[in-house]
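final.csv (CSV, N, CA and C atoms) appears below.
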```
chain,number,residue,atom,x,y,z
A,30,MET,N,-1.3,-55.2,-58.7
A,30,MET,CA,-2.0,-54.0,-58.5
A,30,MET,C,-2.9,-54.2,-57.2
A,31,VAL,N,-2.9,-53.1,-56.4
A,31,VAL,CA,-3.6,-53.1,-55.2
A,31,VAL,C,-5.0,-52.5,-55.5
A,32,THR,N,-6.0,-53.2,-55.1
A,32,THR,CA,-7.4,-52.6,-55.3
A,32,THR,C,-7.9,-52.1,-53.9
A,33,ALA,N,-8.6,-51.0,-54.0
A,33,ALA,CA,-9.2,-50.5,-52.8
A,33,ALA,C,-10.5,-51.3,-52.4
A,34,PRO,N,-10.8,-51.4,-51.2
A,34,PRO,CA,-12.0,-52.1,-50.8
A,34,PRO,C,-13.2,-51.2,-51.3
A,35,PRO,N,-14.3,-51.9,-51.5
A,35,PRO,CA,-15.5,-51.1,-52.0
A,35,PRO,C,-15.9,-50.0,-50.9
A,36,SER,N,-16.3,-48.9,-51.4
A,36,SER,CA,-16.7,-47.8,-50.5
A,36,SER,C,-18.1,-48.1,-49.9
A,37,THR,N,-18.3,-47.5,-48.8
A,37,THR,CA,-19.5,-47.6,-48.1
A,37,THR,C,-20.1,-46.3,-47.9
A,38,ASP,N,-21.4,-46.2,-47.5
A,38,ASP,CA,-22.0,-44.9,-47.3
A,38,ASP,C,-21.2,-44.1,-46.2
A,39,VAL,N,-20.7,-44.8,-45.2
A,39,VAL,CA,-20.0,-44.1,-44.2
A,39,VAL,C,-18.7,-43.5,-44.7
A,40,SER,N,-18.0,-44.3,-45.5
A,40,SER,CA,-16.7,-43.8,-46.1
A,40,SER,C,-16.9,-42.7,-47.1
A,41,ARG,N,-18.0,-42.8,-47.8
A,41,ARG,CA,-18.3,-41.7,-48.8
A,41,ARG,C,-18.7,-40.4,-48.0
A,42,LEU,N,-19.4,-40.5,-46.9
A,42,LEU,CA,-19.8,-39.4,-46.1
A,42,LEU,C,-18.5,-38.7,-45.5
A,43,HIS,N,-17.6,-39.5,-45.1
A,43,HIS,CA,-16.3,-39.0,-44.5
A,43,HIS,C,-15.5,-38.3,-45.6
A,44,ALA,N,-15.5,-39.0,-46.8
A,44,ALA,CA,-14.7,-38.4,-48.0
A,44,ALA,C,-15.3,-37.0,-48.3
A,45,ALA,N,-16.7,-36.9,-48.3
A,45,ALA,CA,-17.3,-35.7,-48.6
A,45,ALA,C,-17.0,-34.6,-47.6
A,46,ALA,N,-16.9,-35.0,-46.3
A,46,ALA,CA,-16.5,-34.0,-45.2
A,46,ALA,C,-15.1,-33.5,-45.4
A,47,VAL,N,-14.2,-34.4,-45.8
A,47,VAL,CA,-12.8,-34.1,-46.1
A,47,VAL,C,-12.8,-33.1,-47.3
A,48,ALA,N,-13.5,-33.4,-48.3
A,48,ALA,CA,-13.6,-32.6,-49.5
A,48,ALA,C,-14.1,-31.2,-49.2
A,49,ARG,N,-15.1,-31.1,-48.4
A,49,ARG,CA,-15.7,-29.8,-48.0
A,49,ARG,C,-14.6,-29.0,-47.2
A,50,ALA,N,-13.9,-29.7,-46.3
A,50,ALA,CA,-12.9,-29.1,-45.5
A,50,ALA,C,-11.8,-28.5,-46.3
A,51,LEU,N,-11.5,-29.2,-47.5
A,51,LEU,CA,-10.4,-28.7,-48.3
A,51,LEU,C,-10.9,-27.8,-49.5
A,52,SER,N,-12.2,-27.4,-49.4
A,52,SER,CA,-12.7,-26.6,-50.4
A,52,SER,C,-12.5,-25.1,-50.3
A,53,ASP,N,-11.7,-24.7,-49.4
A,53,ASP,CA,-11.4,-23.3,-49.2
A,53,ASP,C,-9.9,-23.0,-49.4
A,54,PRO,N,-9.6,-22.0,-50.2
A,54,PRO,CA,-8.1,-21.7,-50.5
A,54,PRO,C,-7.3,-21.5,-49.2
A,55,LYS,N,-7.8,-20.8,-48.2
A,55,LYS,CA,-7.1,-20.6,-47.0
A,55,LYS,C,-6.8,-21.9,-46.3
A,56,ARG,N,-7.8,-22.8,-46.3
A,56,ARG,CA,-7.5,-24.1,-45.6
A,56,ARG,C,-6.5,-24.9,-46.4
A,57,LEU,N,-6.5,-24.8,-47.7
A,57,LEU,CA,-5.5,-25.5,-48.5
A,57,LEU,C,-4.1,-24.9,-48.1
A,58,CYS,N,-4.0,-23.6,-47.9
A,58,CYS,CA,-2.8,-23.0,-47.5
A,58,CYS,C,-2.4,-23.5,-46.1
A,59,VAL,N,-3.3,-23.6,-45.2
A,59,VAL,CA,-3.0,-24.1,-43.9
A,59,VAL,C,-2.4,-25.5,-44.0
A,60,VAL,N,-3.0,-26.3,-44.8
A,60,VAL,CA,-2.5,-27.7,-44.9
A,60,VAL,C,-1.1,-27.7,-45.4
A,61,GLU,N,-0.8,-26.8,-46.4
A,61,GLU,CA,0.5,-26.7,-46.9
A,61,GLU,C,1.5,-26.3,-45.9
A,62,LYS,N,1.1,-25.3,-45.1
A,62,LYS,CA,2.0,-24.8,-44.0
A,62,LYS,C,2.2,-25.9,-42.9
A,63,LEU,N,1.2,-26.7,-42.6
A,63,LEU,CA,1.3,-27.7,-41.6
A,63,LEU,C,2.1,-28.9,-42.1
A,64,GLY,N,2.2,-29.0,-43.5
A,64,GLY,CA,3.0,-30.0,-44.1
A,64,GLY,C,4.5,-29.9,-43.7
A,65,ALA,N,4.9,-28.7,-43.3
A,65,ALA,CA,6.2,-28.4,-42.9
A,65,ALA,C,6.5,-28.6,-41.5
A,66,GLY,N,5.4,-28.9,-40.7
A,66,GLY,CA,5.5,-29.1,-39.3
A,66,GLY,C,4.5,-28.4,-38.5
A,67,GLU,N,4.5,-28.6,-37.2
A,67,GLU,CA,3.5,-28.0,-36.3
A,67,GLU,C,3.6,-26.5,-36.3
A,68,ARG,N,2.4,-25.9,-36.1
A,68,ARG,CA,2.4,-24.4,-36.0
A,68,ARG,C,1.3,-24.0,-35.0
A,69,SER,N,1.5,-22.9,-34.5
A,69,SER,CA,0.5,-22.3,-33.6
A,69,SER,C,-0.5,-21.5,-34.4
A,70,VAL,N,-1.6,-21.2,-33.8
A,70,VAL,CA,-2.7,-20.4,-34.5
A,70,VAL,C,-2.1,-19.0,-35.0
A,71,SER,N,-1.3,-18.4,-34.1
A,71,SER,CA,-0.7,-17.1,-34.5
A,71,SER,C,0.3,-17.2,-35.6
A,72,GLU,N,1.1,-18.3,-35.6
A,72,GLU,CA,2.0,-18.5,-36.7
A,72,GLU,C,1.3,-18.8,-38.0
A,73,LEU,N,0.2,-19.6,-37.9
A,73,LEU,CA,-0.6,-19.8,-39.2
A,73,LEU,C,-1.2,-18.6,-39.6
A,74,SER,N,-1.8,-17.8,-38.7
A,74,SER,CA,-2.5,-16.6,-39.1
A,74,SER,C,-1.5,-15.6,-39.9
A,75,ARG,N,-0.3,-15.5,-39.3
A,75,ARG,CA,0.7,-14.7,-39.9
A,75,ARG,C,1.1,-15.2,-41.3
A,76,ASP,N,1.4,-16.5,-41.4
A,76,ASP,CA,1.9,-17.1,-42.6
A,76,ASP,C,0.9,-17.2,-43.7
A,77,VAL,N,-0.4,-17.4,-43.3
A,77,VAL,CA,-1.5,-17.5,-44.3
A,77,VAL,C,-2.1,-16.2,-44.7
A,78,GLY,N,-2.0,-15.2,-43.7
A,78,GLY,CA,-2.5,-13.9,-44.0
A,78,GLY,C,-4.0,-13.8,-43.7
A,79,CYS,N,-4.4,-14.2,-42.5
A,79,CYS,CA,-5.7,-14.1,-42.0
A,79,CYS,C,-5.8,-13.8,-40.5
A,80,GLN,N,-6.8,-13.2,-40.1
A,80,GLN,CA,-6.9,-12.9,-38.6
A,80,GLN,C,-7.0,-14.1,-37.8
A,81,VAL,N,-6.6,-14.0,-36.5
A,81,VAL,CA,-6.6,-15.2,-35.6
A,81,VAL,C,-8.0,-15.8,-35.5
A,82,PRO,N,-9.1,-15.0,-35.3
A,82,PRO,CA,-10.4,-15.6,-35.2
A,82,PRO,C,-10.8,-16.4,-36.4
A,83,ASN,N,-10.5,-15.9,-37.6
A,83,ASN,CA,-10.8,-16.6,-38.8
A,83,ASN,C,-9.9,-17.9,-38.9
A,84,MET,N,-8.7,-17.8,-38.5
A,84,MET,CA,-7.8,-19.0,-38.6
A,84,MET,C,-8.4,-20.0,-37.6
A,85,SER,N,-8.8,-19.6,-36.5
A,85,SER,CA,-9.4,-20.6,-35.5
A,85,SER,C,-10.6,-21.3,-36.1
A,86,GLN,N,-11.4,-20.6,-36.9
A,86,GLN,CA,-12.6,-21.2,-37.6
A,86,GLN,C,-12.1,-22.2,-38.6
A,87,HIS,N,-11.1,-21.8,-39.4
A,87,HIS,CA,-10.6,-22.7,-40.4
A,87,HIS,C,-10.0,-24.0,-39.8
A,88,LEU,N,-9.3,-23.8,-38.7
A,88,LEU,CA,-8.7,-25.0,-38.0
A,88,LEU,C,-9.8,-25.8,-37.4
A,89,ALA,N,-10.9,-25.2,-37.0
A,89,ALA,CA,-12.0,-26.0,-36.4
A,89,ALA,C,-12.6,-26.9,-37.5
A,90,VAL,N,-12.8,-26.3,-38.7
A,90,VAL,CA,-13.3,-27.1,-39.8
A,90,VAL,C,-12.4,-28.3,-40.2
A,91,LEU,N,-11.1,-28.0,-40.2
A,91,LEU,CA,-10.1,-29.1,-40.5
A,91,LEU,C,-10.1,-30.1,-39.4
A,92,ARG,N,-10.2,-29.7,-38.2
A,92,ARG,CA,-10.2,-30.6,-37.1
A,92,ARG,C,-11.5,-31.5,-37.1
A,93,ALA,N,-12.6,-30.9,-37.4
A,93,ALA,CA,-13.9,-31.6,-37.5
A,93,ALA,C,-13.8,-32.7,-38.5
A,94,ALA,N,-13.1,-32.4,-39.6
A,94,ALA,CA,-13.0,-33.4,-40.7
A,94,ALA,C,-11.9,-34.4,-40.4
A,95,GLY,N,-11.2,-34.3,-39.3
A,95,GLY,CA,-10.2,-35.3,-38.9
A,95,GLY,C,-8.9,-35.1,-39.6
A,96,LEU,N,-8.6,-33.9,-40.1
A,96,LEU,CA,-7.4,-33.6,-40.9
A,96,LEU,C,-6.3,-33.1,-40.0
A,97,VAL,N,-6.6,-32.3,-39.0
A,97,VAL,CA,-5.6,-31.8,-38.1
A,97,VAL,C,-5.9,-32.2,-36.6
A,98,ALA,N,-4.8,-32.2,-35.9
A,98,ALA,CA,-5.0,-32.4,-34.4
A,98,ALA,C,-4.2,-31.3,-33.7
A,99,SER,N,-4.5,-31.1,-32.4
A,99,SER,CA,-3.9,-30.0,-31.7
A,99,SER,C,-3.4,-30.6,-30.4
A,100,ARG,N,-2.4,-29.8,-29.8
A,100,ARG,CA,-1.9,-30.1,-28.5
A,100,ARG,C,-1.6,-28.8,-27.8
A,101,ARG,N,-1.7,-28.8,-26.6
A,101,ARG,CA,-1.5,-27.6,-25.8
A,101,ARG,C,0.0,-27.6,-25.3
A,102,GLU,N,0.6,-26.4,-25.5
A,102,GLU,CA,2.0,-26.2,-25.1
A,102,GLU,C,2.0,-25.0,-24.2
A,103,GLY,N,1.8,-25.1,-22.9
A,103,GLY,CA,1.6,-23.9,-22.1
A,103,GLY,C,0.3,-23.2,-22.5
A,104,SER,N,0.3,-22.0,-22.8
A,104,SER,CA,-0.9,-21.3,-23.2
A,104,SER,C,-1.1,-21.3,-24.7
A,105,THR,N,-0.2,-21.9,-25.4
A,105,THR,CA,-0.2,-22.0,-26.9
A,105,THR,C,-0.8,-23.3,-27.4
A,106,VAL,N,-1.7,-23.3,-28.4
A,106,VAL,CA,-2.2,-24.5,-29.0
A,106,VAL,C,-1.5,-24.7,-30.3
A,107,ARG,N,-0.9,-25.8,-30.5
A,107,ARG,CA,-0.1,-26.1,-31.7
A,107,ARG,C,-0.9,-27.2,-32.5
A,108,TYR,N,-0.9,-27.0,-33.8
A,108,TYR,CA,-1.6,-27.9,-34.7
A,108,TYR,C,-0.7,-28.6,-35.6
A,109,ARG,N,-1.1,-29.8,-36.0
A,109,ARG,CA,-0.3,-30.7,-36.9
A,109,ARG,C,-1.3,-31.5,-37.8
A,110,LEU,N,-0.8,-31.9,-39.0
A,110,LEU,CA,-1.6,-32.8,-39.8
A,110,LEU,C,-1.7,-34.2,-39.1
A,111,VAL,N,-2.9,-34.8,-39.2
A,111,VAL,CA,-3.1,-36.1,-38.6
A,111,VAL,C,-2.4,-37.1,-39.5
A,112,ASP,N,-2.5,-36.9,-40.8
A,112,ASP,CA,-1.9,-37.9,-41.8
A,112,ASP,C,-1.2,-37.1,-42.8
A,113,PRO,N,0.1,-37.4,-43.1
A,113,PRO,CA,0.8,-36.6,-44.1
A,113,PRO,C,0.2,-36.8,-45.5
A,114,ARG,N,-0.6,-37.8,-45.7
A,114,ARG,CA,-1.2,-37.9,-47.1
A,114,ARG,C,-2.2,-36.8,-47.4
A,115,VAL,N,-2.7,-36.1,-46.4
A,115,VAL,CA,-3.5,-34.9,-46.6
A,115,VAL,C,-2.8,-33.9,-47.5
A,116,LEU,N,-1.6,-33.8,-47.3
A,116,LEU,CA,-0.8,-32.9,-48.2
A,116,LEU,C,-0.8,-33.4,-49.6
A,117,ASP,N,-0.6,-34.7,-49.8
A,117,ASP,CA,-0.7,-35.3,-51.1
A,117,ASP,C,-2.0,-35.0,-51.8
A,118,ALA,N,-3.1,-35.1,-51.0
A,118,ALA,CA,-4.5,-34.9,-51.5
A,118,ALA,C,-4.6,-33.5,-52.0
A,119,CYS,N,-4.1,-32.5,-51.2
A,119,CYS,CA,-4.1,-31.1,-51.6
A,119,CYS,C,-3.3,-30.9,-52.9
A,120,ARG,N,-2.2,-31.5,-53.0
A,120,ARG,CA,-1.4,-31.4,-54.2
A,120,ARG,C,-2.1,-32.0,-55.4
A,121,LEU,N,-2.7,-33.1,-55.2
A,121,LEU,CA,-3.5,-33.7,-56.3
A,121,LEU,C,-4.7,-32.8,-56.7
A,122,LEU,N,-5.4,-32.3,-55.8
A,122,LEU,CA,-6.5,-31.3,-56.1
A,122,LEU,C,-5.9,-30.2,-57.0
A,123,GLN,N,-4.8,-29.6,-56.6
A,123,GLN,CA,-4.2,-28.5,-57.4
A,123,GLN,C,-3.8,-29.0,-58.8
A,124,GLN,N,-3.3,-30.2,-58.9
A,124,GLN,CA,-2.9,-30.7,-60.2
A,124,GLN,C,-4.1,-30.9,-61.1
A,125,VAL,N,-5.2,-31.5,-60.5
A,125,VAL,CA,-6.4,-31.7,-61.3
A,125,VAL,C,-7.0,-30.4,-61.7
A,126,ALA,N,-6.9,-29.4,-60.8
A,126,ALA,CA,-7.5,-28.1,-61.1
A,126,ALA,C,-6.7,-27.3,-62.2
A,127,GLY,N,-5.5,-27.8,-62.4
A,127,GLY,CA,-4.7,-27.2,-63.5
A,127,GLY,C,-3.9,-26.1,-62.9
```

What is this structure when it is put down as C-alpha cells?
Amino acid sequence: MVTAPPSTDVSRLHAAAVARALSDPKRLCVVEKLGAGERSVSELSRDVGCQVPNMSQHLAVLRAAGLVASRREGSTVRYRLVDPRVLDACRLLQQVAG
C-alpha cells in the first residue's frame, strides 16, 4: 500500500484553493468539457451555456487554482487541463455527493 506524505499547511492551502475552484457547477462542467480536450472560451461558453465574460471569470478562477492552462493560437486563447486527474477529482466529488 502506498501512503501519502503528511500534509503541510501549504499543501492544505492549495487543496482548499482547488476545492473552492471546483465549488461551482459551471466550473465542474468546464472541467468535464476540457477533459475531452482543448477548447476556446467561445466553445466553452457555447457548450456550458454561459456568456463569454462569465466564462472568462470561471476560467480565471480555475487558472488561479492551477487547474487549467492556456495558450494563444492567433487571436484565440485555448484552454486545457493541467493534470487529467482533475477530471477524476470532479467525478469523485459527484460520486460522494450522490

- What does the distance between CA of Glu72 (chain A) and CA of Gln123 (chain A) come to in Å, to one decimal place?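 Between CA of Glu72 (chain A) and CA of Gln123 (chain A) the gap is 23.8 Å.
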
- Just how far from CA of His43 (chain A) is atom N of Arg92 (chain A), in Å to one decimal?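 These two atoms are separated by 12.8 Å.
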
- re CA of Arg49 (chain A) and CA of Thr105 (chain A): distance 27.3 Å

- Selection: 6.5 Å around region 58-64 of chain A, all atoms listed in the file, excl. self and same-chain fewer than 5 positions, as an MDAnalysis selection string: chainID A and resid 53 77 108:110 116

- Enumerate as a list in words all residues of chain A assigned to strand (DSSP E) by DSSP on the backbone, naming them with the chain letters and numbers the document uses.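 Taking chain A and keeping strand (DSSP E) gives Arg68, Ser69, Val97, Ala98, Ser99, Arg100, Arg101, Glu102, Thr105, Val106, Arg107, Tyr108, Arg109 and Leu110 of chain A.
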
For the residues in that selection, give me N, CA and C atoms as a tab-separated table (two decimals), in the coordinates of the input.
```
chain	number	residue	atom	x	y	z
A	68	ARG	N	2.40	-25.90	-36.10
A	68	ARG	CA	2.40	-24.40	-36.00
A	68	ARG	C	1.30	-24.00	-35.00
A	69	SER	N	1.50	-22.90	-34.50
A	69	SER	CA	0.50	-22.30	-33.60
A	69	SER	C	-0.50	-21.50	-34.40
A	97	VAL	N	-6.60	-32.30	-39.00
A	97	VAL	CA	-5.60	-31.80	-38.10
A	97	VAL	C	-5.90	-32.20	-36.60
A	98	ALA	N	-4.80	-32.20	-35.90
A	98	ALA	CA	-5.00	-32.40	-34.40
A	98	ALA	C	-4.20	-31.30	-33.70
A	99	SER	N	-4.50	-31.10	-32.40
A	99	SER	CA	-3.90	-30.00	-31.70
A	99	SER	C	-3.40	-30.60	-30.40
A	100	ARG	N	-2.40	-29.80	-29.80
A	100	ARG	CA	-1.90	-30.10	-28.50
A	100	ARG	C	-1.60	-28.80	-27.80
A	101	ARG	N	-1.70	-28.80	-26.60
A	101	ARG	CA	-1.50	-27.60	-25.80
A	101	ARG	C	0.00	-27.60	-25.30
A	102	GLU	N	0.60	-26.40	-25.50
A	102	GLU	CA	2.00	-26.20	-25.10
A	102	GLU	C	2.00	-25.00	-24.20
A	105	THR	N	-0.20	-21.90	-25.40
A	105	THR	CA	-0.20	-22.00	-26.90
A	105	THR	C	-0.80	-23.30	-27.40
A	106	VAL	N	-1.70	-23.30	-28.40
A	106	VAL	CA	-2.20	-24.50	-29.00
A	106	VAL	C	-1.50	-24.70	-30.30
A	107	ARG	N	-0.90	-25.80	-30.50
A	107	ARG	CA	-0.10	-26.10	-31.70
A	107	ARG	C	-0.90	-27.20	-32.50
A	108	TYR	N	-0.90	-27.00	-33.80
A	108	TYR	CA	-1.60	-27.90	-34.70
A	108	TYR	C	-0.70	-28.60	-35.60
A	109	ARG	N	-1.10	-29.80	-36.00
A	109	ARG	CA	-0.30	-30.70	-36.90
A	109	ARG	C	-1.30	-31.50	-37.80
A	110	LEU	N	-0.80	-31.90	-39.00
A	110	LEU	CA	-1.60	-32.80	-39.80
A	110	LEU	C	-1.70	-34.20	-39.10
```

- Task: Please provide the set of residues having any atom within 10 Å of Asp112 (chain A), restricted to only C-alpha atoms, with same-chain residues fewer than 4 positions apart removed, written as a list in words.
- Result: Gly64, Gly95, Leu96, Val97, Ala98, Leu116 and Asp117 of chain A

- Got a sec to tell me which of chain A DSSP assigns to alpha helix (DSSP H), as JSON, numbers by chain? {"A": [38, 39, 40, 41, 42, 43, 44, 45, 46, 47, 48, 49, 50, 54, 55, 56, 57, 58, 59, 60, 61, 62, 63, 70, 71, 72, 73, 74, 75, 76, 77, 81, 82, 83, 84, 85, 86, 87, 88, 89, 90, 91, 92, 93, 114, 115, 116, 117, 118, 119, 120, 121, 122, 123, 124, 125, 126]}

- If I put a ball of radius 5 Å at (-13.6, -32.9, -43.0) in the file's coordinates, which residues poke into it when counting all atoms listed in the file, written as JSON, numbers by chain? {"A": [46, 47, 50, 93, 94, 95]}

What does the file look like for those residues with N, CA and C atoms, as a compact mmCIF listing (two decimals), in the coordinates of the input?
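Okay, this is what ended up in selection_26.txt:
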```
# COMPACT_ATOMS: atom_id res chain seq x y z
N ALA A 46 -16.90 -35.00 -46.30
CA ALA A 46 -16.50 -34.00 -45.20
C ALA A 46 -15.10 -33.50 -45.40
N VAL A 47 -14.20 -34.40 -45.80
CA VAL A 47 -12.80 -34.10 -46.10
C VAL A 47 -12.80 -33.10 -47.30
N ALA A 50 -13.90 -29.70 -46.30
CA ALA A 50 -12.90 -29.10 -45.50
C ALA A 50 -11.80 -28.50 -46.30
N ALA A 93 -12.60 -30.90 -37.40
CA ALA A 93 -13.90 -31.60 -37.50
C ALA A 93 -13.80 -32.70 -38.50
N ALA A 94 -13.10 -32.40 -39.60
CA ALA A 94 -13.00 -33.40 -40.70
C ALA A 94 -11.90 -34.40 -40.40
N GLY A 95 -11.20 -34.30 -39.30
CA GLY A 95 -10.20 -35.30 -38.90
C GLY A 95 -8.90 -35.10 -39.60
```

- Task: Tell me which of A:Val125, A:Arg100, A:Val90, A:Lys55 sits closest to Asp76 (chain A), counting only C-alpha atoms.
- Result: A:Lys55
